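Shown next: work-v8.txt, given as compact mmCIF, C-alpha atoms.
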# COMPACT_ATOMS: atom_id res chain seq x y z
CA MET O 1 5.72 -115.64 -113.10
CA VAL O 2 5.99 -117.11 -116.58
CA LEU O 3 7.52 -113.88 -117.92
CA ILE O 4 10.11 -113.75 -115.15
CA SER O 5 11.01 -117.40 -115.72
CA SER O 6 11.43 -116.75 -119.42
CA LEU O 7 13.67 -113.78 -118.80
CA LEU O 8 15.84 -115.74 -116.38
CA ALA O 9 16.09 -118.54 -118.92
CA SER O 10 17.18 -116.17 -121.70
CA PRO O 11 20.03 -113.79 -120.81
CA LYS O 12 19.83 -112.12 -124.23
CA LEU O 13 16.19 -111.23 -123.72
CA LEU O 14 17.01 -109.82 -120.27
CA LEU O 15 19.85 -107.69 -121.68
CA HIS O 16 17.57 -106.36 -124.44
CA LEU O 17 14.93 -105.41 -121.89
CA CYS O 18 17.49 -103.51 -119.74
CA ILE O 19 18.81 -101.58 -122.72
CA SER O 20 15.29 -100.67 -123.82
CA THR O 21 14.43 -99.44 -120.33
CA LEU O 22 17.57 -97.30 -120.08
CA HIS O 23 16.84 -95.82 -123.49
CA CYS O 24 13.36 -94.78 -122.35
CA ILE O 25 14.76 -93.18 -119.22
CA PHE O 26 17.41 -91.20 -121.12
CA GLU O 27 14.88 -90.12 -123.75
CA SER O 28 12.59 -88.82 -121.03
CA VAL O 29 15.42 -86.87 -119.36
CA PHE O 30 16.66 -85.36 -122.63
CA SER O 31 13.13 -84.40 -123.57
CA LYS O 32 12.71 -82.46 -120.33
CA VAL O 33 16.09 -80.77 -120.79
CA ARG O 34 15.16 -79.71 -124.32
CA PHE O 35 11.82 -78.36 -123.07
CA TRP O 36 13.47 -76.43 -120.23
CA THR O 37 16.17 -74.96 -122.49
CA ALA O 38 13.66 -73.91 -125.12
CA GLY O 39 11.45 -72.37 -122.45
CA ALA O 40 14.38 -70.46 -120.95
CA CYS O 41 15.20 -69.01 -124.33
CA LYS O 42 11.60 -68.05 -124.96
CA VAL O 43 11.12 -66.27 -121.61
CA SER O 44 14.54 -64.59 -121.40
CA ASN O 45 14.00 -61.02 -120.29
CA PRO O 46 14.30 -58.27 -122.87
CA PRO O 47 16.45 -55.23 -121.99
CA ASP O 48 15.07 -53.66 -118.82
CA LYS O 49 13.68 -50.38 -120.09
CA LYS O 50 12.59 -49.39 -116.60
CA LEU O 51 16.15 -49.88 -115.35
CA ASP O 52 17.48 -47.65 -118.13
CA GLU O 53 14.83 -45.06 -117.28
CA ARG O 54 15.87 -45.14 -113.62
CA LYS O 55 19.50 -44.63 -114.66
CA ASP O 56 18.46 -41.65 -116.76
CA GLN O 57 16.51 -40.22 -113.82
CA ASN O 58 19.52 -40.65 -111.52
CA ALA O 59 21.95 -39.09 -113.99
CA THR O 60 23.44 -35.77 -112.91
CA THR O 61 21.88 -32.71 -114.52
CA PRO O 62 24.52 -30.09 -115.38
CA THR O 63 22.47 -27.23 -113.92
CA SER O 64 25.50 -24.99 -113.37
CA VAL O 65 28.73 -25.49 -115.34
CA ASN O 66 32.11 -23.80 -115.13
CA TYR O 67 33.85 -23.79 -118.50
CA HIS O 68 37.57 -23.02 -118.28
CA PHE O 69 38.03 -22.58 -122.01
CA THR O 70 41.59 -21.28 -121.69
CA ARG O 71 44.41 -21.88 -119.23
CA LYS O 72 46.54 -18.91 -120.28
CA CYS O 73 46.77 -16.00 -117.85
CA ASN O 74 48.71 -12.75 -117.50
CA TYR O 75 48.80 -13.05 -113.69
CA LYS O 76 50.88 -15.49 -111.64
CA CYS O 77 48.85 -16.07 -108.48
CA GLY O 78 50.91 -18.41 -106.33
CA PHE O 79 47.97 -20.58 -105.28
CA CYS O 80 46.31 -20.87 -108.72
CA PHE O 81 44.72 -24.31 -109.13
CA HIS O 82 43.99 -24.12 -112.88
CA THR O 83 47.34 -23.24 -114.42
CA ALA O 84 48.62 -22.77 -117.98
CA LYS O 85 49.52 -26.41 -118.62
CA THR O 86 48.34 -26.02 -122.25
CA SER O 87 47.59 -23.10 -124.57
CA PHE O 88 44.77 -24.93 -126.36
CA VAL O 89 41.43 -23.22 -127.05
CA LEU O 90 38.61 -24.92 -128.97
CA PRO O 91 37.49 -23.37 -132.26
CA LEU O 92 34.47 -21.14 -131.69
CA GLU O 93 31.97 -23.39 -133.47
CA GLU O 94 33.11 -26.47 -131.54
CA ALA O 95 32.76 -24.58 -128.26
CA LYS O 96 29.25 -23.56 -129.28
CA ARG O 97 28.41 -27.17 -130.15
CA GLY O 98 29.46 -28.26 -126.69
CA LEU O 99 27.45 -25.50 -125.02
CA LYS O 100 24.40 -26.58 -127.02
CA LEU O 101 24.85 -30.15 -125.78
CA LEU O 102 24.99 -28.89 -122.20
CA GLN O 103 21.87 -26.77 -122.66
CA GLU O 104 20.01 -29.77 -124.07
CA ALA O 105 21.13 -31.78 -121.01
CA GLY O 106 19.62 -29.22 -118.62
CA MET O 107 22.24 -26.50 -118.10
CA GLU O 108 20.74 -23.25 -116.73
CA LYS O 109 23.90 -21.37 -115.79
CA ILE O 110 27.25 -21.17 -117.56
CA ASN O 111 30.30 -19.56 -115.98
CA PHE O 112 33.28 -18.76 -118.22
CA SER O 113 36.66 -18.79 -116.57
CA GLY O 114 40.32 -19.50 -117.20
CA GLY O 115 43.13 -18.73 -117.00
CA GLU O 116 42.10 -15.25 -117.84
CA PRO O 117 39.08 -15.45 -120.18
CA PHE O 118 39.51 -11.92 -121.60
CA LEU O 119 43.05 -12.73 -122.76
CA HIS O 120 42.13 -14.87 -125.78
CA ASP O 121 41.36 -12.79 -128.88
CA LYS O 122 41.12 -9.68 -126.63
CA GLY O 123 37.79 -10.82 -125.24
CA GLU O 124 36.03 -11.27 -128.60
CA PHE O 125 35.94 -15.07 -128.36
CA LEU O 126 34.45 -14.76 -124.89
CA GLY O 127 31.95 -12.13 -125.99
CA LYS O 128 30.68 -14.30 -128.83
CA LEU O 129 30.17 -17.23 -126.43
CA VAL O 130 28.34 -15.00 -123.95
CA GLU O 131 26.03 -13.69 -126.68
CA TYR O 132 25.41 -17.20 -128.03
CA CYS O 133 24.46 -18.55 -124.60
CA LYS O 134 22.05 -15.73 -123.84
CA VAL O 135 20.50 -15.18 -127.29
CA ASP O 136 20.61 -18.58 -129.01
CA LEU O 137 20.51 -20.92 -126.01
CA GLN O 138 18.35 -18.61 -123.88
CA LEU O 139 20.21 -19.54 -120.69
CA PRO O 140 18.83 -17.91 -117.52
CA SER O 141 22.34 -17.04 -116.31
CA VAL O 142 25.64 -16.27 -118.05
CA SER O 143 28.59 -15.26 -115.89
CA ILE O 144 32.34 -14.68 -116.07
CA VAL O 145 35.20 -14.86 -113.57
CA SER O 146 38.11 -12.57 -114.47
CA ASN O 147 41.06 -10.82 -112.87
CA GLY O 148 39.79 -7.63 -114.53
CA SER O 149 43.08 -6.55 -116.04
CA MET O 150 42.08 -6.99 -119.71
CA ILE O 151 38.50 -5.67 -119.67
CA LYS O 152 37.71 -2.58 -121.73
CA GLU O 153 34.56 -0.46 -121.66
CA LYS O 154 33.88 -1.21 -125.33
CA TRP O 155 33.42 -4.87 -124.37
CA PHE O 156 30.55 -3.86 -122.08
CA GLN O 157 29.11 -1.70 -124.86
CA LYS O 158 29.09 -4.67 -127.24
CA TYR O 159 28.28 -7.62 -124.97
CA GLY O 160 27.09 -6.24 -121.62
CA ASP O 161 23.41 -6.87 -122.39
CA TYR O 162 24.07 -10.62 -122.62
CA LEU O 163 25.99 -10.95 -119.34
CA ASP O 164 24.26 -11.54 -116.00
CA ILE O 165 27.19 -11.60 -113.56
CA LEU O 166 30.82 -10.51 -113.71
CA ALA O 167 33.03 -11.75 -110.86
CA ILE O 168 36.39 -10.04 -110.35
CA SER O 169 39.03 -11.85 -108.31
CA CYS O 170 40.55 -9.67 -105.60
CA ASP O 171 42.40 -11.12 -102.62
CA SER O 172 43.46 -7.96 -100.85
CA PHE O 173 42.79 -4.24 -100.65
CA ASP O 174 46.48 -3.61 -100.15
CA GLU O 175 48.44 -3.33 -103.41
CA ALA O 176 51.61 -4.71 -101.82
CA THR O 177 49.76 -7.85 -100.71
CA ASN O 178 48.34 -8.39 -104.20
CA GLN O 179 51.89 -8.10 -105.57
CA LEU O 180 53.13 -10.72 -103.07
CA ILE O 181 50.34 -13.08 -104.03
CA GLY O 182 50.95 -12.57 -107.76
CA ARG O 183 47.55 -10.94 -108.33
CA ALA O 184 49.12 -8.28 -110.52
CA GLN O 185 50.80 -7.55 -113.85
CA GLY O 186 53.92 -5.46 -113.45
CA ARG O 187 53.26 -2.40 -111.33
CA LYS O 188 49.69 -1.83 -112.60
CA SER O 189 47.10 -1.26 -109.90
CA HIS O 190 44.77 -4.21 -109.50
CA LEU O 191 42.51 -2.15 -107.25
CA ASP O 192 42.13 0.67 -109.77
CA ASN O 193 40.80 -1.88 -112.27
CA LEU O 194 38.46 -3.32 -109.66
CA TYR O 195 36.77 0.01 -108.92
CA LYS O 196 36.64 0.96 -112.59
CA ILE O 197 34.94 -2.31 -113.52
CA ARG O 198 32.51 -1.89 -110.65
CA SER O 199 31.34 1.40 -112.16
CA TRP O 200 31.02 -0.15 -115.63
CA CYS O 201 28.90 -2.97 -114.23
CA GLN O 202 26.62 -0.35 -112.71
CA GLN O 203 26.47 1.61 -115.96
CA TYR O 204 25.85 -1.38 -118.24
CA LYS O 205 23.56 -3.29 -115.87
CA VAL O 206 25.75 -6.30 -115.09
CA ALA O 207 25.61 -7.80 -111.58
CA PHE O 208 28.98 -7.30 -109.87
CA LYS O 209 30.59 -10.02 -107.78
CA ILE O 210 33.95 -10.41 -105.98
CA ASN O 211 35.95 -13.62 -105.45
CA SER O 212 38.70 -13.79 -102.81
CA VAL O 213 41.08 -16.64 -101.97
CA ILE O 214 42.07 -16.53 -98.31
CA ASN O 215 45.70 -17.51 -97.74
CA THR O 216 48.67 -16.80 -95.49
CA PHE O 217 49.19 -13.32 -96.99
CA ASN O 218 45.68 -11.94 -96.43
CA VAL O 219 44.21 -14.09 -93.64
CA ASP O 220 44.61 -11.32 -91.03
CA GLU O 221 43.17 -8.55 -93.20
CA ASP O 222 39.84 -6.87 -92.51
CA MET O 223 38.12 -6.13 -95.82
CA THR O 224 34.74 -5.15 -94.39
CA GLU O 225 34.85 -1.46 -95.25
CA GLN O 226 35.89 -1.95 -98.88
CA ILE O 227 33.42 -4.78 -99.55
CA VAL O 228 30.55 -2.76 -98.12
CA GLU O 229 31.59 0.20 -100.28
CA LEU O 230 31.77 -1.89 -103.47
CA ASN O 231 28.50 -3.63 -102.58
CA PRO O 232 28.79 -6.78 -104.73
CA VAL O 233 25.79 -9.07 -105.13
CA ARG O 234 27.99 -11.87 -103.75
CA TRP O 235 31.41 -12.01 -102.14
CA LYS O 236 32.74 -15.54 -102.58
CA VAL O 237 35.43 -16.29 -100.00
CA PHE O 238 37.48 -19.42 -100.75
CA GLN O 239 39.91 -21.26 -98.52
CA CYS O 240 43.20 -21.82 -100.37
CA LEU O 241 43.00 -25.30 -101.93
CA LEU O 242 45.82 -27.65 -103.02
CA ILE O 243 45.35 -29.61 -106.26
CA ASP O 244 48.03 -32.12 -107.22
CA GLY O 245 49.55 -31.40 -110.62
CA GLU O 246 48.31 -27.80 -110.61
CA ASN O 247 49.65 -25.98 -107.55
CA VAL O 248 51.42 -28.80 -105.71
CA GLY O 249 53.45 -31.84 -106.78
CA GLU O 250 56.29 -32.57 -109.20
CA SER O 251 54.41 -31.62 -112.38
CA ALA O 252 52.79 -28.50 -110.90
CA LEU O 253 53.44 -25.01 -112.23
CA ARG O 254 52.88 -23.47 -108.79
CA GLU O 255 54.08 -24.21 -105.25
CA ALA O 256 51.09 -23.31 -103.13
CA GLU O 257 52.03 -24.97 -99.85
CA ARG O 258 53.21 -21.65 -98.41
CA PHE O 259 49.76 -20.14 -99.06
CA VAL O 260 47.76 -22.78 -97.18
CA ILE O 261 45.86 -21.83 -94.04
CA SER O 262 44.18 -24.00 -91.42
CA ASP O 263 40.45 -24.49 -91.02
CA GLN O 264 40.64 -22.48 -87.80
CA GLN O 265 42.38 -19.56 -89.53
CA PHE O 266 39.75 -19.59 -92.26
CA GLN O 267 36.95 -19.58 -89.68
CA GLU O 268 38.55 -16.65 -87.86
CA PHE O 269 38.58 -14.70 -91.13
CA LEU O 270 34.89 -15.49 -91.64
CA ASP O 271 34.07 -14.45 -88.07
CA ARG O 272 35.84 -11.12 -88.60
CA HIS O 273 33.60 -10.47 -91.62
CA SER O 274 30.36 -11.88 -90.23
CA SER O 275 28.63 -8.50 -90.59
CA VAL O 276 29.05 -8.57 -94.40
CA SER O 277 25.69 -9.82 -95.65
CA CYS O 278 26.85 -10.75 -99.16
CA LEU O 279 29.65 -13.06 -97.91
CA VAL O 280 29.45 -16.63 -99.22
CA PRO O 281 32.13 -18.83 -97.58
CA GLU O 282 33.62 -21.89 -99.25
CA SER O 283 35.93 -24.13 -97.27
CA ASN O 284 38.02 -26.83 -98.92
CA GLU O 285 35.39 -29.39 -97.93
CA LYS O 286 32.62 -27.47 -99.68
CA MET O 287 34.63 -26.51 -102.73
CA ARG O 288 36.49 -29.63 -103.84
CA ASN O 289 33.69 -31.73 -105.40
CA SER O 290 30.79 -29.31 -105.63
CA TYR O 291 31.66 -27.72 -108.98
CA LEU O 292 31.06 -29.09 -112.46
CA ILE O 293 34.28 -28.06 -114.20
CA LEU O 294 34.92 -28.36 -117.93
CA ASP O 295 38.49 -27.93 -119.13
CA GLU O 296 39.67 -26.50 -122.44
CA TYR O 297 38.83 -29.77 -124.24
CA MET O 298 35.33 -29.83 -122.71
CA ARG O 299 36.22 -32.69 -120.37
CA PHE O 300 34.72 -32.84 -116.88
CA LEU O 301 37.40 -32.72 -114.17
CA ASP O 302 37.10 -35.06 -111.18
CA CYS O 303 38.82 -33.61 -108.10
CA ARG O 304 37.88 -36.33 -105.59
CA GLU O 305 41.44 -37.67 -105.31
CA GLY O 306 42.99 -34.24 -104.81
CA ARG O 307 43.89 -33.87 -108.48
CA LYS O 308 42.03 -33.17 -111.72
CA ASP O 309 41.22 -36.42 -113.50
CA PRO O 310 39.55 -35.71 -116.87
CA SER O 311 36.59 -37.55 -118.38
CA LYS O 312 36.25 -38.00 -122.12
CA SER O 313 35.12 -34.87 -123.94
CA ILE O 314 31.41 -34.20 -124.17
CA LEU O 315 32.09 -33.46 -127.84
CA ASP O 316 33.04 -37.13 -128.33
CA VAL O 317 30.78 -39.09 -125.97
CA GLY O 318 28.01 -36.63 -125.05
CA VAL O 319 27.14 -35.04 -121.71
CA LYS O 320 25.42 -38.06 -120.14
CA ASP O 321 28.42 -40.38 -120.48
CA ALA O 322 31.06 -37.79 -119.64
CA ILE O 323 29.36 -36.42 -116.54
CA CYS O 324 29.45 -39.85 -114.87
CA PHE O 325 33.18 -39.27 -114.38
CA SER O 326 32.90 -35.73 -112.98
CA GLY O 327 32.89 -36.70 -109.29
CA PHE O 328 30.22 -34.05 -108.80
CA ASP O 329 28.62 -33.87 -105.35
CA GLU O 330 25.19 -32.36 -106.04
CA LYS O 331 24.20 -32.36 -102.35
CA MET O 332 27.26 -30.28 -101.46
CA PHE O 333 26.55 -28.01 -104.44
CA LEU O 334 23.14 -27.22 -102.97
CA LYS O 335 24.47 -27.05 -99.40
CA ARG O 336 27.06 -24.41 -100.29
CA GLY O 337 24.38 -22.28 -101.98
CA GLY O 338 25.36 -23.13 -105.54
CA LYS O 339 21.78 -22.59 -106.68
CA TYR O 340 20.71 -18.99 -106.14
CA GLU O 341 19.00 -16.09 -107.91
CA TRP O 342 21.50 -15.90 -110.75
CA SER O 343 19.66 -14.11 -113.54
CA LYS O 344 20.00 -10.32 -113.46
CA ALA O 345 16.41 -10.07 -114.66
CA ASP O 346 15.33 -11.59 -111.32
CA MET O 347 17.72 -9.73 -109.03
CA LYS O 348 15.81 -6.42 -109.07
CA LEU O 349 19.03 -4.49 -108.60
CA ASP O 350 19.11 -0.73 -108.19
CA TRP O 351 21.16 0.21 -111.22

Would you give me this structure, written as structure tokens?
Amino acid sequence: MVLISSLLASPKLLLHLCISTLHCIFESVFSKVRFWTAGACKVSNPPDKKLDERKDQNATTPTSVNYHFTRKCNYKCGFCFHTAKTSFVLPLEEAKRGLKLLQEAGMEKINFSGGEPFLHDKGEFLGKLVEYCKVDLQLPSVSIVSNGSMIKEKWFQKYGDYLDILAISCDSFDEATNQLIGRAQGRKSHLDNLYKIRSWCQQYKVAFKINSVINTFNVDEDMTEQIVELNPVRWKVFQCLLIDGENVGESALREAERFVISDQQFQEFLDRHSSVSCLVPESNEKMRNSYLILDEYMRFLDCREGRKDPSKSILDVGVKDAICFSGFDEKMFLKRGGKYEWSKADMKLDW
């Protein structure tokens, strides 16, 4: 009571006491804030290594890659969806460096395509890449897709041992139809080349494959007899596909709209050839995002938007970063049979 009376009697003393009390309160609050801030800094999480590991585990493995190292071609197929928009080809050693990066990232199969891959350096550039992939990189499968017009027997003599599969594109067994499609050079017979290459594949122990694009000019054809006679290990049958900037659109080098067929027409073609055991059908749905495609600069091409949007080159940013922009649908790749017995050593073919 005495203390209270004294405080009431002395306003200065009361003011001093209030200030002192407020100071203690603020000091206590600031002390707790400093402790909390220091603690937060001390316990801040380091980079989540497990998260990075999970990202690595979820990253796409480039098991099977299609390398279109050239866009130049001597044919003018009206539906072509990888046209000669540039004439660029990487130097051989740079191409090898990229292939090594892919092998280190998990590539098991490489498919060389174009354009026409035998056109550049008369097939020597291609041959050296094929040999490098089989001998130096020890890849289980090395394959090529070609129109067959530029292949010579001496190429098989020099490089045939290193090649697992050679696919020749043939859309019709009628020469006039091939001419209409543009699957020809002048008046040379595309079919004569096809049969000649088939015999060379047999002679030099290379698995023979045929690729056909089904379109308005060949959709009513029955190819059963000829395919059975040629007996390829696989007959890939593609539905004609439109890609903006390649075979449709203002900047395209082709006008493929007149080649397009409906899903029903494609199915009717498949039904007509249902007895052909080596037939592997690929509709637009299956084909569009189920291929890992590298262009001439070793950029992955994303086709999800109906065009080919390139990533950065694997030579600049590596495979892991570039492949994130590939748009690759691995589930569809497996669904369409993209993984198969693709090494000729495992095929047990009757040569």

Review point. What lies within 8 Å of Phe333 (chain O) using all atoms listed in the file, ignoring chain neighbours under 6 positions off, as a PyMOL selection string?
Key: chain O and resi 286+290-291+339

Using all atoms listed in the file, which residues sit within 12 Å of Leu279 (chain O) once same-chain residues fewer than 5 positions away are excluded, as a PDB file with C-alpha atoms, in the coordinates of the input?
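To be explicit, this is the file written out as out_28.pdb:
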ATOM      1  CA  LYS O 209      30.590 -10.020-107.780  1.00  0.00           C
ATOM      2  CA  ILE O 210      33.950 -10.410-105.980  1.00  0.00           C
ATOM      3  CA  ASN O 211      35.950 -13.620-105.450  1.00  0.00           C
ATOM      4  CA  SER O 212      38.700 -13.790-102.810  1.00  0.00           C
ATOM      5  CA  MET O 223      38.120  -6.130 -95.820  1.00  0.00           C
ATOM      6  CA  THR O 224      34.740  -5.150 -94.390  1.00  0.00           C
ATOM      7  CA  ILE O 227      33.420  -4.780 -99.550  1.00  0.00           C
ATOM      8  CA  VAL O 228      30.550  -2.760 -98.120  1.00  0.00           C
ATOM      9  CA  ASN O 231      28.500  -3.630-102.580  1.00  0.00           C
ATOM     10  CA  PRO O 232      28.790  -6.780-104.730  1.00  0.00           C
ATOM     11  CA  VAL O 233      25.790  -9.070-105.130  1.00  0.00           C
ATOM     12  CA  ARG O 234      27.990 -11.870-103.750  1.00  0.00           C
ATOM     13  CA  TRP O 235      31.410 -12.010-102.140  1.00  0.00           C
ATOM     14  CA  LYS O 236      32.740 -15.540-102.580  1.00  0.00           C
ATOM     15  CA  VAL O 237      35.430 -16.290-100.000  1.00  0.00           C
ATOM     16  CA  PHE O 238      37.480 -19.420-100.750  1.00  0.00           C
ATOM     17  CA  PHE O 269      38.580 -14.700 -91.130  1.00  0.00           C
ATOM     18  CA  LEU O 270      34.890 -15.490 -91.640  1.00  0.00           C
ATOM     19  CA  ASP O 271      34.070 -14.450 -88.070  1.00  0.00           C
ATOM     20  CA  ARG O 272      35.840 -11.120 -88.600  1.00  0.00           C
ATOM     21  CA  HIS O 273      33.600 -10.470 -91.620  1.00  0.00           C
ATOM     22  CA  SER O 274      30.360 -11.880 -90.230  1.00  0.00           C
ATOM     23  CA  ARG O 336      27.060 -24.410-100.290  1.00  0.00           C
ATOM     24  CA  GLY O 337      24.380 -22.280-101.980  1.00  0.00           C
TER      25      GLY O 337
END

Which centre and edge lengths in Å to one decimal define the box along x, y and z that fits every listed atom of region 268-281 of chain O plus 5 Å per side, as JSON?
{"center_x": 32.1, "center_y": -13.7, "center_z": -93.5, "size_x": 22.9, "size_y": 20.3, "size_z": 21.4}

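Minimum atom-to-atom distance to Ser326 (chain O), evaluated using only C-alpha atoms, belongs to O:Phe300 out of O:Tyr340, O:Phe300, O:Tyr162, O:Phe156.
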
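Distances here use all atoms listed in the file; by that measure, the residue among O:Ala95, O:Leu253, O:Met287, O:Leu166 closest to Cys240 (chain O) is O:Met287.
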
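Shortest atom-to-atom contact with Leu126 (chain O) among O:Leu92, O:Leu334, O:Leu230, O:Ala105: O:Leu92, counting only C-alpha atoms.
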
Study note, to complete from the structure: One residue among O:Glu229, O:Asp316, O:Glu153, O:Asp295 is nearest to Gln203 (chain O) when using all atoms listed in the file, and that residue is O:Glu153

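Ranking O:Glu104, O:Tyr204, O:Asp171, O:Gln239 by their shortest atom-to-atom distance to Ile261 (chain O), with only C-alpha atoms included, puts O:Gln239 first.
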
Review point. Which is closer to Cys278 (chain O) than all the others in O:Leu101, O:Ile323, O:Phe208, O:Asp222, using all atoms listed in the file?
Key: O:Phe208
